[in-house]
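Asks: Shown below is the structure under consideration.
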Amino acid sequence: MTPPKEPIKPEAMLDMLKRTMPFQVVSDALLRKLATLGWQVNYESGAVLYDVGDKADDIFIIVSGKVEHALEPGVHARRPVQILGAGDVFGWAALLNRYPSRLAKAVCTEATEIIRINGDELLRILESDPDSGDVVMSRFATMITRDYTVPDLIAQLRGIHRKMHSGDIQGMSLTLYRLTQWVKSPRPYLMLIGFVLFLGFWYLSVEVWKLPRFREMPGITVVITEWMSKDPVYGLSIYTPEYYKHIGMSVWRVTQAFFLATIIGVPFGLFLGWSRKFKEFVFPVFELLRPIPVLAWVPLAIVMFVSTESAVIYLTFLASFFATALNTMLGVESIDESYVRAANCLGASKWQVFRHVIVPGSLPFVFTGLQISVGVAWFSLVAAEMVSGQYGLGYVINTSYTMVRYPTIVIGMITLGAVGYITSAMVRVAGDFLMQWRVRELALGGR
Amino acid sequence: MMGAVQSRSASAGNRGAIKIDDVVKIYDPAGAAVMAVDHCNLDIDAGEICMIVGPSGCGKTTLLNAIAGFHEISSGSITLDGEVLCSTAKPKAEPGSDRIVVFQNGALFPWKTNLENVAFGPLMQGKASKAEITERALGMMADAGLGGVEHNYPGEVSSGVRRRVEIVRALMNDPKVLLLDEPYRALDSLTKSVMHEALLEIYYKNKVTIFFITHDLEEAIFLGHKVAIMTTRPCKPKKVLTVDIPHPRDYSVLTSKRFRELMQETSEAVHEEALKAFQAGEKEG
Amino acid sequence: MASRRFNPRSLLRGMFSILVFLVIWEIGSRSKHWLGADIFSPLRELIGMMGFKKTYLPWIGAVPAPTDVLHAWAGVIVDPGYWHSWYKSFSRVLAGFTAAMLVGIPFGLLLAVNRTAFGIGFPVFEMLRPIPPLAWVPASIIFWPTQELSIAFVTFLGAFYTIVINVVGGAKSIDVRYFQAAQSMGSSKWDIFRRIILPGTLPSIVIGSSVGMGITWEVVVAAEMISGGGSQIGGTGGGGLGFFIWNSYVGGSYEQIVVGMISIGIAGFISSELLRTLGKYVTPWLRLR
């Protein structure tokens with residue numbers, strides 16, 4: 001029967017656990033809790049740890065020695081028989097309620113020291129710390145699917161995985177995990193250095209050293225005090241309503257143009273990519289108009305449109321439209337032929353192929369195009385606002401210059417940058433949401 | 001596994017017989033006139049596993065594409081159970097769910113879950129209600145040992161699992177013929193061996209005709225009833241071999257005497273063609 | 001799916017649509033002349049209901065007709081000022097673009113190759129990138145002593161961002177195995193840079209530069225319009241095709257506006273084609289894909 005248990009010193013246990021997968025990735029606090037669960041047993045050569053059909057209670061970690069692990073036939077495995085050594089972990093069935101009995105026979109081929117941990121208790125502790133527990137379970141899943149192809153096992157693991165996240169969204173947890181990893185890396189500190197260098201240079205060159213060309217520029221302290229002051233010298237700060245009016249105006253214009261461009265551009269692009277006939281007819285005209293810089297349209301737009309507002313939106317729309325349509329078309333054309341062929345084989349009609357293959361298949365490109373489209377929209381909008389129109393951030397920058405309100409120029413620029421970034425990020429997030437399959441594929445590092 | 005020894009004729013089904021009759025395929029007849037297929041004749045019995053072996057770029061895929069309906073033929077004819085798929089008069093067959101292709105690099109739709117992929121064919125054809133189709137799909141996936149990955153996306157599972165899902169997706173449509181274009185080429189040999197046994201298991205339950213292109217001679221002899229060794233471009237069968245090892249087979253076959261004899265018989269022929277292809281500098285097909 | 005077979009049928013179809021486009025344009029812009037006829041009165045009512053003037057078709061009715069544009073163009077071609085504008089715009093584009101390449105490529109490579117540099121430089125870069133180049137115009141004018149330089153700076157910015165992004169992306173995507181192969185054959189770090197990173201990034205540089213070229217044109221035209229005309233920014237000495245367009249607008253000759261637009265389109269197209277040929281020359285191995 002089983003030799004007597006021996007309690008282990010927690011430090012030794014901690015050390016042991018840290019050397020084995022998947023526990024390497026776990027926090028010390030959690031490891032300490034786990035350490036209290038385990039106990040060490042010494043086996044002689046030839047001792048049978050468990051046989052097929054035995055109750056699966058513990059998982060086993062080898063401290064030293066060798067164990068021969070033979071799976072029962074019927075379990076699909078890469079290597080049905082394995083020799084495990086120091087640092088290896090086995091006996092996973094203890095974690096899975098679908099498999100209350102052992103799937104394999106484990107025999108020591110020499111004198112072996114083993115740490116055993118009770119499966120149920122381990123599960124409970126992992127569930128109490130969902131983030132670490134999740135990481136352990138993911139590693140589990142990876143290790144198991146690498147060695148075995150027992151889908152039920154995998155399903156069970158995923159069931160546990162899902163249970164651990166019954167509260168939160170998987171994506172959120174992934175993000176948090178990534179965030180904590182990011183904070184631990186050198187990256188945020190380098191970033192800080194970069195910003196400090198940049199802002200520091202700005203400060204020093206304008207206000208301290210007063211370098212020749214830099215003297216005239218608005219200094220960083222001036223800009224920031226102006227931006228944050230309740231009673232700004234030039235009338236625009238985060239406390240003035242005009243500020244938000246301008247932002248709102250610009251954002252509203254971009255939104256209109258962007259949506260118009262998307263609603264017209266995406267179907268147009270899809271059709272261009274899908275129907276050769278349509279492309280042969282329409283694309284030449286499209287390509288004829290595309291190289292004309294959007295701003296070259298300004299005077300014509302003013303002539304065509306009665307109100308400056310429409311003209312501005314038209315110009316913004318135009319830029320977005322070209323970007324969206326082109327990228328959508330490229331997206332359709334980039335779809336691997338095999339997908340369309342497969343769909344044809346499977347009996348899909350032309351329309352079904354369009355709906356189930358072309359549209360989802362081109363989404364990645366479409367969203368890249370949409371991000372470009374947003375950027376281009378801001379570009380055109382600013383230019384259009386600078387030339388004509390009232391209100392809006394482009395207008396602010398322009399008039400600030402003419403009215404010699406230099407700090408406000410910078411405020412306008414910074415605001416533009418921030419708003420532009422936010423809108424671009426929104427598009428990206430929308431894309432991630434619609435393309436769940438891609439996010440998950442990328443998160444798993446692709447197999 | 002499946003018990004009693006069965007002779008080849010007893011295991012054959014009764015549909016899916018393909019007759020490739022004097023097929024010629026010339027690319028770009030007006031310009032460079034490259035002949036890909038040269039008066040190829042091949043008979044495939046119903047329910048037979050026919051392996052097509054040949055060096056890369058020799059035109060085997062062209063044949064498969066012709067049967068599937070993706071490419072035209074220049075002359076000759078291909079019939080399926082007596083019905084003409086394509087001929088000189090009608091050079092391009094209609095793609096259809098009676099001949100389904102499993103592609104080399106896999107063509108599972110990445111934006112649909114495995115289950116949605118498997119159910120795709122019958123859903124598109126509208127032959128039954130969604131609930132019925134889903135039920136059947138779940139059943140077929142479980143049968144193939146794929147229970148548990150139904151709600152994952154293809155990108156989340158291993159390539160071996162993806163292949164199997166693709167085969168199940170094809171079989172959901174009860175095809176007469178499965179056209180496999182080097183489906184296991186990208187897999188490591190360990191996964192491959194598992195795939196072979198999985199394929200055979202599926203075959204024993206479904207008895208479709210299988211038209212399987214490969215350049216792996218061992219794979220060909222292990223799986224096939226019949227092995228057709230093709231010449232380099234332009235391709236035609238150089239040698240057609242009947243593998244008289246009885247089905248059902250398992251991996252012990254690989255070390256059997258008969259297997260090694262067959263390998264010996266054929267490897268010289270294959271090697272000759274491979275050498276020719278190498279000297280001609282064939283690009284990967 | 002996207003086979004670029006140059007067959008006569010697609011050429012004909014393309015020409016047909018362009019013709020149709022021109023005809024519609026011609027008819028539409030002449031609407032002042034025919035919309036008044038009695039048969040079109042329901043159409044006039046419809047236009048009126050939508051809130052537009054009833055004397056011509058909305059939007060297109062205000063655009064000068066292609067035949068008039070052609071006429072104006074014939075007049076302008078003999079004017080040396082027109083070609084001077086071409087020259088000015090082209091030289092600005094060239095200057096800004098070259099500067100962007102000269103600064104952007106090394107900068108991008110540095111970011112891609114050195115992790116610390118990337119950690120320090122990229123976040124600042126990404127923070128500045130969303131600010132549209134044109135928003136820099138006033139700041140640029142304040143900073144630089146001459147107007148030419150200020151336009152050049154803004155032009156430079158436009159292309160700079162794109163080129164850097166493409167270089168970084170390209171360098172990062174070079175297959176790790178090339179590095180391993182080089183190292184196993186005993187290459188030094190400099191060698192690896194010169195023979196693997198540089199050529200490996202070239203395709204992305206080529207792509208980045210063609211996109212950057214398009215942006216450069218946009219910015220040049222915009223800057224010319226803004227500083228040479230549009231607002232009170234800048235003084236005299238604008239010049240360039242953007243200025244030409246604005247001037248035509250201010251001067252009331254709308255046909256010339258369209259002439260200017262088309263001219264810029266052609267100029268942009270020429271520069272892209274030149275770049276593309278250069279790119280093919282520099283990356284011959286891609287041709288054989």
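Each chain of the structure tokens is named A, B, ... in the order shown, its residues numbered from 1; ligands are numbered from 1 in display order.
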As an mmCIF file with C-alpha atoms, in the first residue's frame, which residues of stretch 21-267 of chain B does DSSP assign to alpha helix (DSSP H)?
Replies:
data_model
loop_
_atom_site.group_PDB
_atom_site.id
_atom_site.type_symbol
_atom_site.label_atom_id
_atom_site.label_comp_id
_atom_site.auth_asym_id
_atom_site.auth_seq_id
_atom_site.Cartn_x
_atom_site.Cartn_y
_atom_site.Cartn_z
ATOM 1 C CA LYS B 60 -2.220 15.808 -59.974
ATOM 2 C CA THR B 61 -3.991 18.799 -58.488
ATOM 3 C CA THR B 62 -5.223 19.735 -61.940
ATOM 4 C CA LEU B 63 -7.012 16.411 -62.135
ATOM 5 C CA LEU B 64 -8.546 16.933 -58.758
ATOM 6 C CA ASN B 65 -9.626 20.417 -59.665
ATOM 7 C CA ALA B 66 -11.201 19.113 -62.837
ATOM 8 C CA ILE B 67 -13.238 16.559 -60.926
ATOM 9 C CA ALA B 68 -14.243 19.159 -58.374
ATOM 10 C CA ASN B 114 -16.067 24.346 -35.656
ATOM 11 C CA LEU B 115 -19.688 23.443 -35.220
ATOM 12 C CA GLU B 116 -20.839 26.174 -37.571
ATOM 13 C CA ASN B 117 -18.331 24.965 -40.103
ATOM 14 C CA VAL B 118 -19.507 21.389 -39.880
ATOM 15 C CA ALA B 119 -23.137 22.397 -40.215
ATOM 16 C CA PHE B 120 -22.418 24.765 -43.091
ATOM 17 C CA GLY B 121 -23.138 22.510 -46.041
ATOM 18 C CA PRO B 122 -26.575 21.194 -45.079
ATOM 19 C CA LEU B 123 -27.556 24.620 -43.731
ATOM 20 C CA MET B 124 -26.751 26.293 -47.014
ATOM 21 C CA GLN B 125 -28.629 23.689 -48.960
ATOM 22 C CA LYS B 130 -31.369 24.153 -38.205
ATOM 23 C CA ALA B 131 -32.080 22.169 -35.063
ATOM 24 C CA GLU B 132 -31.903 18.865 -36.903
ATOM 25 C CA ILE B 133 -28.712 19.810 -38.661
ATOM 26 C CA THR B 134 -27.073 20.968 -35.444
ATOM 27 C CA GLU B 135 -28.065 17.739 -33.761
ATOM 28 C CA ARG B 136 -26.577 15.679 -36.521
ATOM 29 C CA ALA B 137 -23.429 17.784 -36.607
ATOM 30 C CA LEU B 138 -22.873 17.334 -32.900
ATOM 31 C CA GLY B 139 -23.347 13.642 -33.316
ATOM 32 C CA MET B 140 -20.924 13.333 -36.181
ATOM 33 C CA MET B 141 -18.322 15.362 -34.377
ATOM 34 C CA ALA B 142 -18.630 13.219 -31.294
ATOM 35 C CA ASP B 143 -18.324 10.109 -33.435
ATOM 36 C CA SER B 159 -3.986 21.547 -37.090
ATOM 37 C CA GLY B 160 -4.697 17.869 -36.642
ATOM 38 C CA VAL B 161 -8.042 18.648 -35.097
ATOM 39 C CA ARG B 162 -8.749 21.146 -37.845
ATOM 40 C CA ARG B 163 -8.201 18.525 -40.506
ATOM 41 C CA ARG B 164 -10.602 16.167 -38.873
ATOM 42 C CA VAL B 165 -13.222 18.835 -38.532
ATOM 43 C CA GLU B 166 -12.860 19.593 -42.199
ATOM 44 C CA ILE B 167 -13.394 15.969 -43.107
ATOM 45 C CA VAL B 168 -16.471 15.773 -40.931
ATOM 46 C CA ARG B 169 -17.722 18.963 -42.551
ATOM 47 C CA ALA B 170 -17.437 17.250 -45.889
ATOM 48 C CA LEU B 171 -19.077 14.041 -44.750
ATOM 49 C CA SER B 189 4.607 12.608 -38.841
ATOM 50 C CA LEU B 190 3.341 11.817 -35.367
ATOM 51 C CA THR B 191 0.086 13.624 -35.949
ATOM 52 C CA LYS B 192 -0.024 12.142 -39.417
ATOM 53 C CA SER B 193 -0.130 8.605 -38.172
ATOM 54 C CA VAL B 194 -3.010 9.480 -35.902
ATOM 55 C CA MET B 195 -4.762 11.157 -38.803
ATOM 56 C CA HIS B 196 -4.401 8.083 -40.959
ATOM 57 C CA GLU B 197 -6.075 5.883 -38.457
ATOM 58 C CA ALA B 198 -8.772 8.482 -37.909
ATOM 59 C CA LEU B 199 -9.412 8.692 -41.635
ATOM 60 C CA LEU B 200 -9.691 4.957 -41.961
ATOM 61 C CA GLU B 201 -12.097 4.800 -39.051
ATOM 62 C CA ILE B 202 -14.242 7.391 -40.735
ATOM 63 C CA TYR B 203 -13.985 5.560 -44.009
ATOM 64 C CA TYR B 204 -15.097 2.277 -42.540
ATOM 65 C CA LYS B 205 -18.220 3.954 -41.280
ATOM 66 C CA ASN B 206 -19.007 5.921 -44.413
ATOM 67 C CA LEU B 217 4.428 6.680 -50.821
ATOM 68 C CA GLU B 218 4.106 5.068 -47.437
ATOM 69 C CA GLU B 219 0.914 6.969 -46.766
ATOM 70 C CA ALA B 220 -0.385 5.896 -50.154
ATOM 71 C CA ILE B 221 0.185 2.214 -49.720
ATOM 72 C CA PHE B 222 -1.019 2.243 -46.149
ATOM 73 C CA LEU B 223 -4.334 3.891 -46.917
ATOM 74 C CA LYS B 257 6.127 -8.255 -45.341
ATOM 75 C CA ARG B 258 3.565 -7.517 -48.022
ATOM 76 C CA PHE B 259 3.786 -3.825 -47.289
ATOM 77 C CA ARG B 260 7.506 -3.819 -47.738
ATOM 78 C CA GLU B 261 7.215 -5.757 -50.942
ATOM 79 C CA LEU B 262 4.787 -3.216 -52.317
ATOM 80 C CA MET B 263 7.062 -0.370 -51.271
ATOM 81 C CA GLN B 264 9.892 -2.013 -53.132
ATOM 82 C CA GLU B 265 7.833 -2.483 -56.260
ATOM 83 C CA THR B 266 6.763 1.089 -56.385
ATOM 84 C CA SER B 267 9.572 3.143 -54.961
#
Asks: Enter the distance from atom CA of A:Asp54 to atom CA of A:Ala86, in Å, rounded to one decimal.
Replies: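 For atom CA of A:Asp54 relative to atom CA of A:Ala86, the distance reads 23.6 Å.
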Asks: Can you list every residue of chain B that has an atom at most 8 Å from chain A, with its nearest atom pair and the distance in Å to one decimal, using only C-alpha atoms, ordered by chain then number, as JSON lines?
Replies:
{"residue": "B:Ala68", "atom": "CA", "partner": "A:Cys345", "partner_atom": "CA", "distance": 7.5}
{"residue": "B:Phe70", "atom": "CA", "partner": "A:Arg341", "partner_atom": "CA", "distance": 7.5}
{"residue": "B:Pro95", "atom": "CA", "partner": "A:Cys345", "partner_atom": "CA", "distance": 5.3}
{"residue": "B:Gly96", "atom": "CA", "partner": "A:Cys345", "partner_atom": "CA", "distance": 4.8}
{"residue": "B:Ser97", "atom": "CA", "partner": "A:Leu346", "partner_atom": "CA", "distance": 5.0}
{"residue": "B:Arg99", "atom": "CA", "partner": "A:Cys345", "partner_atom": "CA", "distance": 7.0}
{"residue": "B:Ile100", "atom": "CA", "partner": "A:Cys345", "partner_atom": "CA", "distance": 5.4}
{"residue": "B:Val101", "atom": "CA", "partner": "A:Ala342", "partner_atom": "CA", "distance": 6.8}
{"residue": "B:Val102", "atom": "CA", "partner": "A:Ala342", "partner_atom": "CA", "distance": 7.8}
{"residue": "B:Phe103", "atom": "CA", "partner": "A:Ser338", "partner_atom": "CA", "distance": 7.1}
{"residue": "B:Ala107", "atom": "CA", "partner": "A:Tyr339", "partner_atom": "CA", "distance": 5.4}
{"residue": "B:Leu108", "atom": "CA", "partner": "A:Tyr339", "partner_atom": "CA", "distance": 7.4}
{"residue": "B:Phe109", "atom": "CA", "partner": "A:Tyr339", "partner_atom": "CA", "distance": 6.8}
{"residue": "B:Pro110", "atom": "CA", "partner": "A:Trp437", "partner_atom": "CA", "distance": 6.9}
{"residue": "B:Trp111", "atom": "CA", "partner": "A:Trp437", "partner_atom": "CA", "distance": 5.6}
{"residue": "B:Lys112", "atom": "CA", "partner": "A:Trp437", "partner_atom": "CA", "distance": 7.6}
{"residue": "B:Phe120", "atom": "CA", "partner": "A:Leu346", "partner_atom": "CA", "distance": 7.4}
{"residue": "B:Gly121", "atom": "CA", "partner": "A:Leu346", "partner_atom": "CA", "distance": 4.7}
{"residue": "B:Pro122", "atom": "CA", "partner": "A:Leu346", "partner_atom": "CA", "distance": 7.8}
{"residue": "B:Met124", "atom": "CA", "partner": "A:Ala348", "partner_atom": "CA", "distance": 5.4}
{"residue": "B:Gln125", "atom": "CA", "partner": "A:Gly347", "partner_atom": "CA", "distance": 6.0}
{"residue": "B:Gly145", "atom": "CA", "partner": "A:Pro151", "partner_atom": "CA", "distance": 6.7}
{"residue": "B:Leu146", "atom": "CA", "partner": "A:Pro151", "partner_atom": "CA", "distance": 5.9}
{"residue": "B:Gly147", "atom": "CA", "partner": "A:Pro151", "partner_atom": "CA", "distance": 5.7}
{"residue": "B:Gly148", "atom": "CA", "partner": "A:Ala155", "partner_atom": "CA", "distance": 4.4}
{"residue": "B:Val149", "atom": "CA", "partner": "A:Pro151", "partner_atom": "CA", "distance": 6.9}
{"residue": "B:Tyr153", "atom": "CA", "partner": "A:Trp437", "partner_atom": "CA", "distance": 6.1}
{"residue": "B:Gly155", "atom": "CA", "partner": "A:Glu441", "partner_atom": "CA", "distance": 4.9}
{"residue": "B:Glu156", "atom": "CA", "partner": "A:Glu441", "partner_atom": "CA", "distance": 5.6}
{"residue": "B:Val157", "atom": "CA", "partner": "A:Arg447", "partner_atom": "CA", "distance": 7.2}
{"residue": "B:Ser158", "atom": "CA", "partner": "A:Arg447", "partner_atom": "CA", "distance": 6.1}
{"residue": "B:Ser159", "atom": "CA", "partner": "A:Arg447", "partner_atom": "CA", "distance": 7.4}
{"residue": "B:Ala170", "atom": "CA", "partner": "A:Leu346", "partner_atom": "CA", "distance": 7.3}
{"residue": "B:Asn173", "atom": "CA", "partner": "A:Leu346", "partner_atom": "CA", "distance": 7.4}
{"residue": "B:Leu190", "atom": "CA", "partner": "A:Arg78", "partner_atom": "CA", "distance": 6.7}
{"residue": "B:Thr191", "atom": "CA", "partner": "A:Arg78", "partner_atom": "CA", "distance": 7.5}
Asks: Please compute the atom CA of B:Glu48-atom CA of B:Asp181 distance, one decimal, in Å.
Replies: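 Spanning atom CA of B:Glu48 to atom CA of B:Asp181 is a straight-line distance of 16.2 Å.
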Asks: What's the 12 Å shell around B:Glu272, counting only C-alpha atoms, without same-chain residues fewer than 2 positions away, as a PyMOL selection string?
Replies: chain B and resi 54-55+229-232+238-239+266-270+274-279
Asks: When you look at stretch 112-118 of chain C with a cut-off of 10 Å (counting only C-alpha atoms), what residues show up, excluding the ones that are within fewer than 4 positions of it in the same chain? I need them as a ChimeraX atom specification.
Replies: /A:186-187,190-191,194 /C:106-108,122-125,164-165,167-172,193,197
Asks: Output C-alpha atoms of each residue in that selection to a file, as a compact mmCIF listing (two decimals), in the first residue's frame.
Replies:
# COMPACT_ATOMS: atom_id res chain seq x y z
CA PRO A 186 10.89 47.69 -18.68
CA ARG A 187 8.55 49.17 -21.25
CA LEU A 190 11.39 53.56 -21.10
CA MET A 191 8.22 55.22 -22.24
CA GLY A 194 10.94 59.15 -23.73
CA PRO C 106 17.23 55.40 -40.27
CA PHE C 107 14.96 56.39 -37.43
CA GLY C 108 12.64 53.51 -38.15
CA PHE C 122 8.07 54.84 -30.12
CA PRO C 123 5.61 56.01 -27.47
CA VAL C 124 6.54 59.63 -28.10
CA PHE C 125 6.21 59.00 -31.82
CA VAL C 164 8.59 55.04 -39.99
CA ILE C 165 5.58 52.85 -39.28
CA VAL C 167 9.93 50.43 -41.69
CA VAL C 168 9.34 49.29 -38.13
CA GLY C 169 6.65 46.89 -39.23
CA GLY C 170 8.80 45.55 -42.01
CA ALA C 171 11.88 45.03 -39.92
CA LYS C 172 9.90 43.27 -37.24
CA PHE C 193 22.16 44.60 -40.40
CA ILE C 197 17.69 43.74 -42.00
Asks: Could you pull out the strand (DSSP E or B) residues of stretch 22-58 of chain B, going by DSSP on the backbone, and write them as a VMD selection string?
Replies: chain B and resid 22 to 27 34 to 44 49 to 53
Asks: List the spatial neighbours of stretch 89-100 of chain C as a VMD selection string - criterion: any atom at most 8 Å away, only C-alpha atoms, same-chain residues fewer than 5 positions off excluded.
Replies: chain C and resid 105 152 to 153 155 to 157 159 to 160 163 212 to 213 216 to 217 220 to 221 239 to 242 267
Asks: Just write the chosen residues, C-alpha atoms, as a PDB file, in the first residue's frame.
Replies:
ATOM      1  CA  ILE C 105      14.277  55.214 -42.633  1.00  0.00           C
ATOM      2  CA  ALA C 152       8.620  71.753 -46.218  1.00  0.00           C
ATOM      3  CA  PHE C 153       8.510  70.833 -42.554  1.00  0.00           C
ATOM      4  CA  THR C 155       5.257  68.080 -45.809  1.00  0.00           C
ATOM      5  CA  PHE C 156       8.087  66.196 -44.201  1.00  0.00           C
ATOM      6  CA  LEU C 157       5.916  65.312 -41.219  1.00  0.00           C
ATOM      7  CA  ALA C 159       5.353  61.295 -45.044  1.00  0.00           C
ATOM      8  CA  PHE C 160       7.612  60.748 -42.051  1.00  0.00           C
ATOM      9  CA  ILE C 163       7.523  55.686 -43.562  1.00  0.00           C
ATOM     10  CA  GLY C 212       3.820  58.430 -48.006  1.00  0.00           C
ATOM     11  CA  MET C 213       4.012  59.951 -51.452  1.00  0.00           C
ATOM     12  CA  THR C 216       2.940  64.256 -49.289  1.00  0.00           C
ATOM     13  CA  TRP C 217       0.900  65.490 -52.210  1.00  0.00           C
ATOM     14  CA  VAL C 220       1.702  70.087 -50.178  1.00  0.00           C
ATOM     15  CA  VAL C 221      -1.522  71.063 -51.857  1.00  0.00           C
ATOM     16  CA  GLY C 239       3.024  79.379 -55.944  1.00  0.00           C
ATOM     17  CA  GLY C 240       2.478  75.776 -56.714  1.00  0.00           C
ATOM     18  CA  LEU C 241      -0.568  73.973 -58.003  1.00  0.00           C
ATOM     19  CA  GLY C 242      -2.500  74.302 -54.767  1.00  0.00           C
ATOM     20  CA  ALA C 267       1.205  64.876 -61.048  1.00  0.00           C
TER      21      ALA C 267
END
Asks: One decimal, in Å: what's the spacing between atom CA of A:Ser362 and atom CA of A:Asn327?
Replies: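 Taking atom CA of A:Ser362 and atom CA of A:Asn327, their separation equals 9.2 Å.
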Asks: Find the residues near C:Ser31: any atom within 8 Å, counting only C-alpha atoms, skip ones fewer than 4 places away on the same chain, and give them as a list of chain:residue names.
Replies: C:Ile27, C:Leu35, C:Thr55, C:Tyr56, C:Leu57, C:Gly61
Asks: Could you tell me which of A:Arg405, A:Arg213, A:Lys279, A:His69 comes closest to chain C if we count only C-alpha atoms?
Replies: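 Comparing A:Arg405, A:Arg213, A:Lys279, A:His69 against chain C, the winner is A:Arg213.
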Asks: Tell me which protein, DNA and RNA residues are within 6 Å of stretch 76-80 of chain B, counting only C-alpha atoms, leaving out same-chain ones fewer than 3 positions away, and put them as a PyMOL selection string.
Replies: chain B and resi 17-23+83-88
Asks: Now that the selection is made, can you save its residues with C-alpha atoms as a short mmCIF file (atom, residue, chain, number, x, y, z; two decimals), in the first residue's frame?
Replies:
data_model
loop_
_atom_site.label_atom_id
_atom_site.label_comp_id
_atom_site.auth_asym_id
_atom_site.auth_seq_id
_atom_site.Cartn_x
_atom_site.Cartn_y
_atom_site.Cartn_z
CA ALA B 17 -17.29 5.41 -59.31
CA ILE B 18 -15.13 7.81 -61.28
CA LYS B 19 -13.96 7.24 -64.78
CA ILE B 20 -11.24 9.53 -66.10
CA ASP B 21 -11.22 9.01 -69.82
CA ASP B 22 -8.42 10.28 -72.03
CA VAL B 23 -8.29 13.62 -70.25
CA GLU B 83 -23.03 10.89 -65.39
CA VAL B 84 -20.73 13.18 -67.27
CA LEU B 85 -19.05 15.73 -65.04
CA CYS B 86 -17.04 17.41 -67.74
CA SER B 87 -16.07 16.66 -71.29
CA THR B 88 -14.72 18.27 -74.41
#
